[in-house]
Amino acid sequence: MTTTSIIDTPAPPEPTKPTIKGGLLDPKQLWASLPDALRKLDPRTLWRNPVMFIVEIGSVFTTVLAITDPSVFSWVITVWLWLTVLFANLAEAVAEGRGKAQADTLRKAKQDTVGRKLRNWNPDSPEIDEHTVGAPELQLGDFVVVDAGEVIPGDGEVVQGIASVDESAITGESAPVIRESGGDRSAVTGGTRVLSDRIIVRITQKPGESFVDRMIALVEGANRQKTPNEIALNILLASLTVIFLMAVATLQPMAVFAVREQGFGPDDAVLNNDGVTGIVLVSLLVCLIPTTIGALLSAIGIAGMDRLVQRNVLAMSGRAVEAAGDVSTLLLDKTGTITLGNRQASEFVPVHGVSVAEIADAAQLSSLSDETPEGRSIVTHAQQAHQLPERSPGELRDATWIEFTAQTRMSGVDLGDRQLRKGAAASVIEWVRANGGHVPDDVKDIVEEISSSGGTPLVVAEHTRVLGVIHLKDVVKPGMRERFDEMRRMGIRTVMITGDNPRTAEAIAREAGVDDFLAEATPEDKLALIKREQEGGKLVAMTGDGTNDAPALAQADVGVAMNTGTSAAKEAGNMVDLDSDPTKLIEIVEIGKQLLITRGALTTFSIANDIAKYFAIIPAIFAAVYPGLDTLNIMRLDSPTSAILSAVVFNAIIIVALIPLALRGVRYRPSDAATMLRRNLLVYGVGGIVTPFIGIKVIDLLISNIPGIS
Amino acid sequence: MSATTAGVLFVVSLVVVLAAAYRPAGDHLYRVFTGTRHSRVERGVYRVIGVDPAAEQPWGIYARSVLAFSAISLLLLYAFLRLQGHLLLSLGFDDVPPELSWNTAVSFMTNTNWQAYSGESTLGHLVQMAGLAVQNFLSAAVGIAVCVALVRGFARSRTEHLGNFWVDLVRICFRVLLPVAVVAAIVFVAAGAAQNFSSGQEISTLTGGTQTIPGGPAASQEAIKLLGTNGGGFWNVNSAHPLSNPTGWTNWIQIFLILLIPVSLPRAFGRMVGSNKQGYAILAAMGTIAIASVALLNLSNGLALGTVPTAVGAATEGTETRFGVLQSATFGAATTLTSTGAVDSFHSSYTSFGGGLTMLNMMLGEIAPGGTGSGLYGMLVIAVITVFVAGLMVGRTPEYLGKKIGSREIKFASLYLLTTPALVLVGTAVAMATPGARDSMLSSGSHGFSEVLYAFTSASNNNGSAFAGLSANTGFYNTALGICMLLGRLLPIIFVLGLAGSLARQRPVPESAGTLKTYQPLFVGMLVGVVVIVVALTFLPALALGPIAEGLS
């Protein structure tokens with residue numbers, strides 16, 4: 001229980017969420033992305049987005065028409081159609097732009113690194129034959145030596161030595177970390193700097209495939225693969241586009257018939273004897289096809305990855321982010337995730353006839369020399385819960401400090417003839433008996449009780465007298481129970497993984513409010529659990545850092561490797577948390593869900609928008625032929641041309657207006673499916689029906705004064 | 001009892017009786033689809049056609065079986081029609097011309113029953129009985145079989161097998177369609193419908209003229225025409241003929257028969273996927289659309305909007321006084337909400353909006369409750385699309401009944417969604433651009449356009465009703481509408497089976513609190529919304545130039 005650790009685990013960062021920038025659309029950001037947006041007009045790249053590709057073809061077509069038969073109306077429509085494409089590109093460019101800044105920082109870390117390569121090195125031979133090579137020339141399996149102050153030239157594994165390393169270039173965290181050969185802390189990342197000592201590193205990467213290279217590719221969104229759900233959504237959008245393409249294309253012969261049969265007023269910008277004008281047909285098409293979601297779809301995906309990056313999580317694929325939204329079982333390690341890293345004193349239980357103040361005093365004195373986290377927690381608990389003054393070992397004279405050792409399993413102090421000890425129950429009781437003391441009966445009961453509740457009992461004694469028992473227990477992090485309740489409402493089952501015995505595990509599981517636990521867990525047990533869950537169709541997420549976690553990380557649908565972990569773990573997982581904070585798994589799930597919700601919400605919004613557009617454009621086109629159709633002009637738009645233009649302008653502006661939402665993601669609050677659907681349907685479904693009626697009317701009011709339009 | 005009260009009672013009694021039939025009828029269908037035993041007759045059939053009833057088929061084989069069976073049906077019926085003059089009971093009618101034979105053969109094979117001919121002047125009794133009526137049974141059974149295969153796709157997991165088409169076909173015929181049709185035929189005969197081999201009887205009328213009373217095996221054909229949502233009338237005026245549909249109460253029974261199987265299929269679906277609630281949800285979506293449509297059509301025809309109806313006080317033109325305006329409107333809604341297409345009044349004479357509504361009913365894809373089998377599979381495909389969008393909004397990759405809706409599923413569902421609008425719109429556009437095709441229109445302007453739009457809508461959705469007015473027995477329409485019927489039937493079937501195959505292969509995802517509950521009213525509402533916004537709005541431009549323009553003028 002009480003162990004001394006050479007290296008202090010860095011305390012997991014406070015669960016403060018980094019503020020997400022970019023929620024507000026910075027005009028500067030738009031301006032900076034404009035060149036990229038223009039470049040994306042190239043049809044060779046745009047065809048990947050079928051919806052916007054159709055808009056571009058339409059824009060080219062209207063441009064030709066506007067040149068051959070110029071009018072204010074045709075030019076204004078043409079400009080706005082081009083703007084529609086441009087706005088879509090802008091959304092993507094802005095999303096990508098945010099990653100680029102991060103990539104630039106990373107690139108700096110990569111530049112001009114040289115490695116001191118060792119030839120024919122083996123651990124036993126002291127002779128070193130080194131020569132300097134450029135980092136890109138290092139091959140898999142090469143050995144390099146890195147001294148204090150030097151940059152590690154590539155990803156690798158420490159094979160000799162121990163050093164403190166500054167990884168801030170990658171993690172943004174300025175506190176150095178310890179890297180040593182052997183064990184789970186042997187992995188080092190290229191581009192990080194050794195601060196002290198000297199290590200020999202075996203390179204584990206192929207040239208150009210380093211962690212930093214991959215990070216740069218990820219945050220830049222280069223060769224971004226469409227995720228399965230994105231592909232499915234694209235198919236749906238493409239089909240809708242084809243349906244509307246047909247609806248518009250087949251409208252022409254019908255219109256020609258109506259026009260010739262019925263007759264109508266003089267030729268105008270909307271109708272002539274050859275039917276509906278090309279400009280208006282293209283406008284109708286662009287308004288009906290799902291341009292809003294088509295324009296924002298890839299930005300939503302990039303921004304989702306970006307939100308992870310901002311939380312210092314690197315997802316190796318978008319697929320993993322999507323899977324995170326679907327996770328139905330979360331495997332959480334107890335220590336560090338559910339509980340604070342170490343056991344802490346929670347109570348002093350005196351035996352019969354001893355006051356609490358007395359045992360608190362004795363417990364504090366006997367623990368002053370105990371530098372383990374448990375020992376310090378006893379001192380703190382005595383101060384905080386029992387108002388004892390702060391004491392340091394130096395202020396007590398004539399004190400002989402008894403350090404904790406693994407053999408005695410006790411620590412304590414001799415103050416003159418006052419001998420105080422605290423430690424493992426058996427050891428202390430034996431010590432008291434050896435001193436000729438008597439052990440009261442209730443000690444056993446108290447010890448038993450604490451053990452059975454999952455805690456660790458430490459007995460406190462003064463020479464021949466047992467004073468009482470210190471209750472050490474795992475302290476569940478504040479707020480965990482609430483989070484697990486949320487998870488449950490979202491339909492996610494939480495399973496605590498611990499090496500503790502089942503009794504202890506159960507007690508903590510109950511206190512933390514997890515649904516299930518796996519006690520005395522070995523890596524094999526973990527893997528078996530994951531496979532069992534997956535067999536039932538569930539998606540499993542877990543975190544891990546050790547090499548023996550690697551198979552489980554690889555098996556899990558979402559495997560988050562800690563950056564402090566081994567390179568085997570990092571290879572096996574599909575995400576890496578640079579902060580090495582296992583709690584983040586919960587946030588990752590939320591980001592995954594938010595990504596999907598944003599897609600669904602904007603698709604709904606986009607489709608719902610069509611109703612208003614029909615009501616704007618259909619009467620505008622055909623009221624001249626069938627005057628009764630003007631009844632459908634429920635927005636009372638000024639004129640056919642202003643109505644059509646208003647719809648086109650609204651269609652373009654709504655894209656820009658929704659860029660912030662696409663980048664930020666729609667508001668996400670954990671709740672059950674029905675609540676979430678009701679809310680989103682209300683906001684994006686009903687809102688999607690109503691908004692364009694208002695928007696188109698307002699735009700119509702503004703533009704109906706432009707000469708040549710009204 | 002006022003006409004309005006009678007009209008409302010007519011609808012309410014139908015709803016009540018159908019609701020009462022939902023469980024027993026659905027449970028019977030469930031047993032037919034899932035039973036493991038074969039009757040002696042069925043075994044005999046399997047031996048004759050050489051089918052091992054225990055062998056199951058993956059989706060590709062199932063689809064090939066459907067296609068092969070359809071091809072044989074088509075060829076046999078075509079040959080039958082072409083050779084009519086040489087057969088018994090031809091009543092002296094000659095061979096049916098090639099284009100009309102093609103059109104009619106496709107029409108009956110596809111469960112459309114579009115009739116470019118008129119029965120009394122074209123067909124003999126043998127072709128009606130052994131050709132058309134047989135297809136009425138088989139085409140309905142094919143639709144149900146395909147639907148069952150899709151439901152199995154949802155219900156099963158990690159398998160390629162979707163059942164055996166031949167077994168499904170035979171069982172549906174023997175255990176569902178034949179028994180009900182026999183009973184219904186007897187009821188119709190009892191009510192006065194014709195059932196004989198008479199070649200017509202010449203009688204002298206009171207005014208001194210002569211009139212021919214036709215005869216034939218009408219009642220038996222009538223029963224399956226409605227039960228199988230076929231709709232092909234024995235005589236030209238279909239269910240308005242007194243020897244087909246003699247009285248007001250047979251009119252009620254006709255509507256009941258039309259709706260019986262489509263309405264109870266969701267029950268069988270719910271039981272097969274292990275959740276009756278899912279069946280109720282689908283029924284609720286169908287019911288919401290259907291009741292809204294029936295109410296609007298009753299309202300529109302009852303209020304008598306439009307020029308002619310206003311002049312005479314009610315939309316009585318083209319309506320049988322035996323049935324009444326409202327009861328006819330209900331029949332008109334039922335026949336277009338399903339893929340029946342039988343008529344007891346003339347949709348062309350409806351008020352403009354009323355006529356538009358019958359068109360809209362078909363444009364929705366005939367899913368509320370739709371044709372035998374085709375209605376449910378159509379609605380389930382829309383449900384898949386709805387789940388895809390709604391599922392995203394709850395933060396999970398979408399799943400329906402434990403099956404993930406991924407790109408493969410969306411591909412098939414989207415193709416399904418694309419097919420009929422494409423056929424309707426392209427067909428109508430081609431017709432409007434072809435001078436010869438335009439000459440077939442009886443009326444001008446928006447009403448004339450409606451005639452053409454209606455024809456293509458009816459053919460592509462396999463409805464078979466006609467707006468009247470359009471002279472459809474021309475080379476152009478026989479060919480074009482035949483193509484629309486064929487593609488409008490077989491392409492969706494292939495896509496549905498593909499979807500079924502892809503669903504059956506999956507491992508089911510267990511339900512949790514985060515799963516979209518597809519049986520809650522919220523989802524039902526969204527499903528209806530998708531039907532109206534995604535499906536119906538596609539046709540708004542076309543409708544605007546037809547019934548809407550006419551109605552608003």
# chains A, B, ... in the order shown; residues from 1 in each chain; ligands from 1
>>> closest_atom_pairs(of="chain A", to="chain B", cutoff="7 Å", atoms="only C-alpha atoms", output="tab-separated table")
residue	atom	partner	partner_atom	distance
A:Pro228	CA	B:Ser407	CA	6.7
A:Asn229	CA	B:Gly406	CA	6.3
A:Ile231	CA	B:Ser407	CA	6.1
A:Ala232	CA	B:Ser407	CA	3.8
A:Ile235	CA	B:Lys411	CA	6.3
A:Leu236	CA	B:Ser414	CA	6.1
A:Ser239	CA	B:Ser414	CA	5.9
A:Ile243	CA	B:Leu418	CA	6.1
A:Phe244	CA	B:Thr538	CA	6.6
A:Met246	CA	B:Ala422	CA	6.6
A:Ala247	CA	B:Thr538	CA	6.3
A:Thr250	CA	B:Ala429	CA	5.2
A:Leu251	CA	B:Ala542	CA	6.7
A:Pro253	CA	B:Ala429	CA	5.4
A:Met254	CA	B:Met432	CA	6.0
A:Phe257	CA	B:Met432	CA	6.6
A:Ala258	CA	B:Gly445	CA	6.4
A:Glu261	CA	B:Gly445	CA	6.1
A:Gln262	CA	B:Gly445	CA	6.5
A:Gly325	CA	B:Arg396	CA	5.4
A:Asp326	CA	B:Arg396	CA	5.0
A:Arg489	CA	B:Ala513	CA	5.9
A:Met490	CA	B:Gly514	CA	4.5
A:Gly491	CA	B:Ala513	CA	4.0
A:Gly537	CA	B:Val509	CA	4.7
A:Lys538	CA	B:Val509	CA	6.3
A:Lys593	CA	B:Gly395	CA	4.1
A:Gln594	CA	B:Gly395	CA	6.1
A:Leu596	CA	B:Gly395	CA	5.1
A:Ile597	CA	B:Met393	CA	4.2
A:Arg599	CA	B:Leu392	CA	6.8
A:Gly600	CA	B:Leu392	CA	4.6
A:Ala601	CA	B:Met393	CA	5.8
A:Thr604	CA	B:Val389	CA	6.9
A:Ile618	CA	B:Pro541	CA	6.5
A:Tyr626	CA	B:Ala549	CA	6.0
A:Pro627	CA	B:Ser553	CA	6.9
A:Gly628	CA	B:Ser553	CA	4.5
A:Leu629	CA	B:Ala549	CA	5.8
A:Asp672	CA	B:Gly514	CA	5.5
A:Ala673	CA	B:Gly514	CA	4.9
A:Ala674	CA	B:Leu516	CA	6.7
A:Met676	CA	B:Val394	CA	5.6
A:Leu677	CA	B:Val394	CA	5.6
A:Asn680	CA	B:Met393	CA	6.5
>>> residues_around(residues="Phe517 (chain A)", least_positions_apart="2", cutoff="6 Å", atoms="only C-alpha atoms", output="PDB file with N, CA and C atoms, in the first residue's frame")
ATOM      1  N   VAL A 495     -17.729   0.980 -17.032  1.00  0.00           N
ATOM      2  CA  VAL A 495     -17.148  -0.161 -16.332  1.00  0.00           C
ATOM      3  C   VAL A 495     -15.806   0.271 -15.762  1.00  0.00           C
ATOM      4  N   MET A 496     -15.647   0.097 -14.451  1.00  0.00           N
ATOM      5  CA  MET A 496     -14.398   0.479 -13.797  1.00  0.00           C
ATOM      6  C   MET A 496     -13.436  -0.701 -13.829  1.00  0.00           C
ATOM      7  N   ILE A 497     -12.215  -0.426 -14.232  1.00  0.00           N
ATOM      8  CA  ILE A 497     -11.199  -1.477 -14.286  1.00  0.00           C
ATOM      9  C   ILE A 497     -10.207  -1.245 -13.151  1.00  0.00           C
TER      10      ILE A 497
END
>>> select_by_dssp(residues="region 289-372 of chain B", states="helix (DSSP H, G or I)", output="number ranges by chain")
B: 289-303, 307-312, 325-337, 347-349, 352-363
>>> atom_distance(atom1="CA of Thr210 (chain B)", atom2="CA of Ser121 (chain B)")
17.8 Å
>>> residues_around(residues="Asp549 (chain A)", least_positions_apart="2", cutoff="12 Å", atoms="only C-alpha atoms", output="PyMOL selection string")
chain A and resi 184+333+521-527+530+542-547+551-556+559-562+565-573
>>> write_last_selection(atoms="N, CA and C atoms", output="compact mmCIF listing (two decimals), in the first residue's frame")
# COMPACT_ATOMS: atom_id res chain seq x y z
N ASP A 184 7.17 1.38 -18.84
CA ASP A 184 6.16 2.03 -19.65
C ASP A 184 6.46 3.50 -19.94
N ASP A 333 -10.11 3.18 -16.18
CA ASP A 333 -9.23 2.71 -15.12
C ASP A 333 -9.61 3.42 -13.84
N ALA A 521 -8.05 -7.02 -12.38
CA ALA A 521 -8.04 -7.12 -13.84
C ALA A 521 -6.63 -7.31 -14.37
N THR A 522 -6.46 -8.28 -15.21
CA THR A 522 -5.22 -8.44 -15.96
C THR A 522 -5.48 -7.93 -17.37
N PRO A 523 -4.42 -7.64 -18.11
CA PRO A 523 -4.64 -7.20 -19.49
C PRO A 523 -5.48 -8.20 -20.29
N GLU A 524 -5.33 -9.48 -20.00
CA GLU A 524 -6.12 -10.49 -20.72
C GLU A 524 -7.60 -10.34 -20.39
N ASP A 525 -7.87 -10.07 -19.09
CA ASP A 525 -9.27 -9.88 -18.68
C ASP A 525 -9.89 -8.71 -19.43
N LYS A 526 -9.09 -7.64 -19.55
CA LYS A 526 -9.57 -6.45 -20.24
C LYS A 526 -9.95 -6.78 -21.66
N LEU A 527 -9.03 -7.47 -22.34
CA LEU A 527 -9.25 -7.82 -23.73
C LEU A 527 -10.48 -8.69 -23.86
N ILE A 530 -13.63 -6.61 -23.49
CA ILE A 530 -13.93 -5.84 -24.69
C ILE A 530 -14.55 -6.73 -25.76
N MET A 542 -11.82 2.83 -24.44
CA MET A 542 -10.97 2.67 -23.26
C MET A 542 -9.73 3.54 -23.39
N THR A 543 -9.04 3.69 -22.26
CA THR A 543 -7.76 4.37 -22.31
C THR A 543 -6.70 3.40 -21.83
N GLY A 544 -5.48 3.67 -22.19
CA GLY A 544 -4.42 2.79 -21.73
C GLY A 544 -3.08 3.42 -22.01
N ASP A 545 -2.06 2.95 -21.29
CA ASP A 545 -0.75 3.52 -21.56
C ASP A 545 0.37 2.49 -21.63
N GLY A 546 0.16 1.35 -21.01
CA GLY A 546 1.24 0.38 -20.96
C GLY A 546 1.30 -0.48 -22.20
N THR A 547 2.45 -1.13 -22.38
CA THR A 547 2.59 -2.02 -23.51
C THR A 547 1.58 -3.16 -23.43
N PRO A 551 -2.93 -4.68 -26.82
CA PRO A 551 -3.94 -5.50 -27.50
C PRO A 551 -5.36 -5.01 -27.24
N ALA A 552 -5.63 -4.61 -26.00
CA ALA A 552 -6.97 -4.11 -25.67
C ALA A 552 -7.25 -2.80 -26.40
N LEU A 553 -6.23 -1.94 -26.47
CA LEU A 553 -6.40 -0.66 -27.17
C LEU A 553 -6.72 -0.89 -28.64
N ALA A 554 -6.04 -1.88 -29.20
CA ALA A 554 -6.27 -2.17 -30.61
C ALA A 554 -7.64 -2.76 -30.83
N GLN A 555 -8.08 -3.55 -29.87
CA GLN A 555 -9.38 -4.21 -30.01
C GLN A 555 -10.54 -3.23 -29.81
N ALA A 556 -10.36 -2.27 -28.91
CA ALA A 556 -11.44 -1.34 -28.60
C ALA A 556 -11.79 -0.51 -29.84
N GLY A 559 -9.78 3.59 -28.83
CA GLY A 559 -8.71 3.33 -27.89
C GLY A 559 -7.86 4.59 -27.74
N VAL A 560 -7.90 5.19 -26.57
CA VAL A 560 -7.16 6.43 -26.36
C VAL A 560 -5.88 6.11 -25.61
N ALA A 561 -4.76 6.32 -26.27
CA ALA A 561 -3.47 6.05 -25.63
C ALA A 561 -2.98 7.33 -24.97
N MET A 562 -2.38 7.18 -23.80
CA MET A 562 -1.82 8.33 -23.12
C MET A 562 -0.48 8.67 -23.75
N GLY A 565 2.51 7.14 -22.41
CA GLY A 565 2.60 5.69 -22.53
C GLY A 565 3.68 5.24 -23.50
N THR A 566 3.72 3.93 -23.68
CA THR A 566 4.73 3.36 -24.56
C THR A 566 4.33 3.58 -26.01
N SER A 567 5.33 3.44 -26.89
CA SER A 567 4.98 3.63 -28.30
C SER A 567 4.10 2.49 -28.78
N ALA A 568 4.20 1.32 -28.15
CA ALA A 568 3.31 0.22 -28.54
C ALA A 568 1.86 0.61 -28.29
N ALA A 569 1.62 1.23 -27.14
CA ALA A 569 0.26 1.66 -26.82
C ALA A 569 -0.21 2.71 -27.80
N LYS A 570 0.68 3.64 -28.13
CA LYS A 570 0.29 4.73 -29.03
C LYS A 570 0.01 4.20 -30.43
N GLU A 571 0.76 3.18 -30.82
CA GLU A 571 0.52 2.57 -32.13
C GLU A 571 -0.83 1.86 -32.15
N ALA A 572 -1.16 1.24 -31.02
CA ALA A 572 -2.35 0.39 -30.99
C ALA A 572 -3.64 1.20 -30.93
N GLY A 573 -3.62 2.32 -30.22
CA GLY A 573 -4.83 3.11 -30.06
C GLY A 573 -5.16 3.87 -31.32
>>> residues_around(residues="Asp700 (chain A)", least_positions_apart="3", cutoff="7 Å", atoms="only C-alpha atoms", output="compact mmCIF listing (two decimals) with all heavy atoms, in the first residue's frame")
# COMPACT_ATOMS: atom_id res chain seq x y z
N LEU A 637 -44.06 38.77 -51.76
CA LEU A 637 -42.80 39.30 -52.26
C LEU A 637 -43.10 40.27 -53.38
O LEU A 637 -44.08 40.14 -54.10
CB LEU A 637 -41.89 38.17 -52.72
CG LEU A 637 -41.59 37.15 -51.62
CD1 LEU A 637 -40.75 36.01 -52.16
CD2 LEU A 637 -40.89 37.80 -50.44
N ASP A 638 -42.19 41.24 -53.53
CA ASP A 638 -42.46 42.39 -54.36
C ASP A 638 -42.73 42.04 -55.82
O ASP A 638 -43.72 42.44 -56.41
CB ASP A 638 -41.27 43.35 -54.24
CG ASP A 638 -41.53 44.64 -55.00
OD1 ASP A 638 -42.46 45.37 -54.58
OD2 ASP A 638 -40.85 44.89 -56.00
N SER A 642 -37.55 39.91 -57.84
CA SER A 642 -37.05 40.13 -56.47
C SER A 642 -37.26 38.88 -55.62
O SER A 642 -36.45 38.57 -54.76
CB SER A 642 -37.75 41.34 -55.83
OG SER A 642 -39.03 41.00 -55.38
N ALA A 643 -38.34 38.15 -55.88
CA ALA A 643 -38.60 36.94 -55.12
C ALA A 643 -37.50 35.91 -55.38
O ALA A 643 -36.94 35.31 -54.45
CB ALA A 643 -39.96 36.36 -55.50
N SER A 646 -34.23 37.04 -53.93
CA SER A 646 -34.22 36.94 -52.47
C SER A 646 -33.94 35.52 -52.02
O SER A 646 -33.18 35.29 -51.08
CB SER A 646 -35.57 37.37 -51.89
OG SER A 646 -35.87 38.68 -52.27
N ILE A 696 -36.21 35.52 -46.32
CA ILE A 696 -36.48 35.87 -47.72
C ILE A 696 -37.32 37.15 -47.79
O ILE A 696 -37.07 38.02 -48.62
CB ILE A 696 -37.17 34.69 -48.45
CG1 ILE A 696 -36.18 33.54 -48.60
CG2 ILE A 696 -37.70 35.12 -49.81
CD1 ILE A 696 -36.77 32.26 -49.14
N LYS A 697 -38.26 37.26 -46.88
CA LYS A 697 -39.09 38.48 -46.87
C LYS A 697 -38.23 39.72 -46.59
O LYS A 697 -38.36 40.73 -47.28
CB LYS A 697 -40.18 38.33 -45.79
CG LYS A 697 -41.09 39.53 -45.63
CD LYS A 697 -41.96 39.73 -46.86
CE LYS A 697 -42.73 41.05 -46.79
NZ LYS A 697 -43.39 41.34 -48.09
N ILE A 703 -34.09 44.48 -51.28
CA ILE A 703 -33.63 44.57 -52.67
C ILE A 703 -34.70 45.04 -53.63
O ILE A 703 -34.40 45.35 -54.78
CB ILE A 703 -33.09 43.20 -53.18
CG1 ILE A 703 -34.20 42.16 -53.17
CG2 ILE A 703 -31.89 42.75 -52.40
CD1 ILE A 703 -33.76 40.87 -53.82
N SER A 704 -35.94 45.13 -53.16
CA SER A 704 -36.98 45.51 -54.12
C SER A 704 -36.81 46.95 -54.59
O SER A 704 -37.47 47.38 -55.53
CB SER A 704 -38.36 45.29 -53.50
OG SER A 704 -38.43 45.98 -52.28
>>> select_by_dssp(residues="region 74-282 of chain B", states="strand (DSSP E or B)", output="list in words")
His161, Gln201, Glu202, Ile203, Ser204, Thr210, Gln211, Thr212 and Ile213 of chain B
>>> residues_around(residues="Arg214 (chain A)", least_positions_apart="6", cutoff="12 Å", atoms="only C-alpha atoms", output="ChimeraX atom specification")
/A:103,106-107,110,155,170,189-190,205-208,220-224,314-317,571,575-576
>>> residues_around(residues="Val514 (chain A)", least_positions_apart="2", cutoff="7 Å", atoms="only C-alpha atoms", output="list in words")
Phe484, Thr494, Val495, Met496, Ala509, Arg510, Ala512 and Asp516 of chain A
>>> write_last_selection(atoms="C-alpha atoms", output="short mmCIF file (atom, residue, chain, number, x, y, z; two decimals), in the first residue's frame")
data_model
loop_
_atom_site.label_atom_id
_atom_site.label_comp_id
_atom_site.auth_asym_id
_atom_site.auth_seq_id
_atom_site.Cartn_x
_atom_site.Cartn_y
_atom_site.Cartn_z
CA PHE A 484 -21.70 8.75 -14.75
CA THR A 494 -19.41 2.64 -17.50
CA VAL A 495 -17.15 -0.16 -16.33
CA MET A 496 -14.40 0.48 -13.80
CA ALA A 509 -17.72 1.28 -7.81
CA ARG A 510 -20.74 1.92 -5.65
CA ALA A 512 -18.45 6.46 -7.81
CA ASP A 516 -20.05 -2.32 -13.36
#
>>> closest_residue(among="A:Leu340, A:Ile200, A:Ile659, A:Val51", to="Thr583 (chain A)", atoms="only C-alpha atoms")
A:Leu340
>>> residues_around(residues="region 280-287 of chain B", least_positions_apart="5", cutoff="6 Å", atoms="only C-alpha atoms", output="PyMOL selection string")
chain B and resi 368-369+519+524+528
>>> atom_distance(atom1="CA of Ser374 (chain B)", atom2="CA of Ser339 (chain B)")
8.2 Å
>>> closest_residue(among="A:Ile279, A:Pro707, A:Val212, A:Gly265", to="Gln102 (chain A)", atoms="only C-alpha atoms")
A:Val212
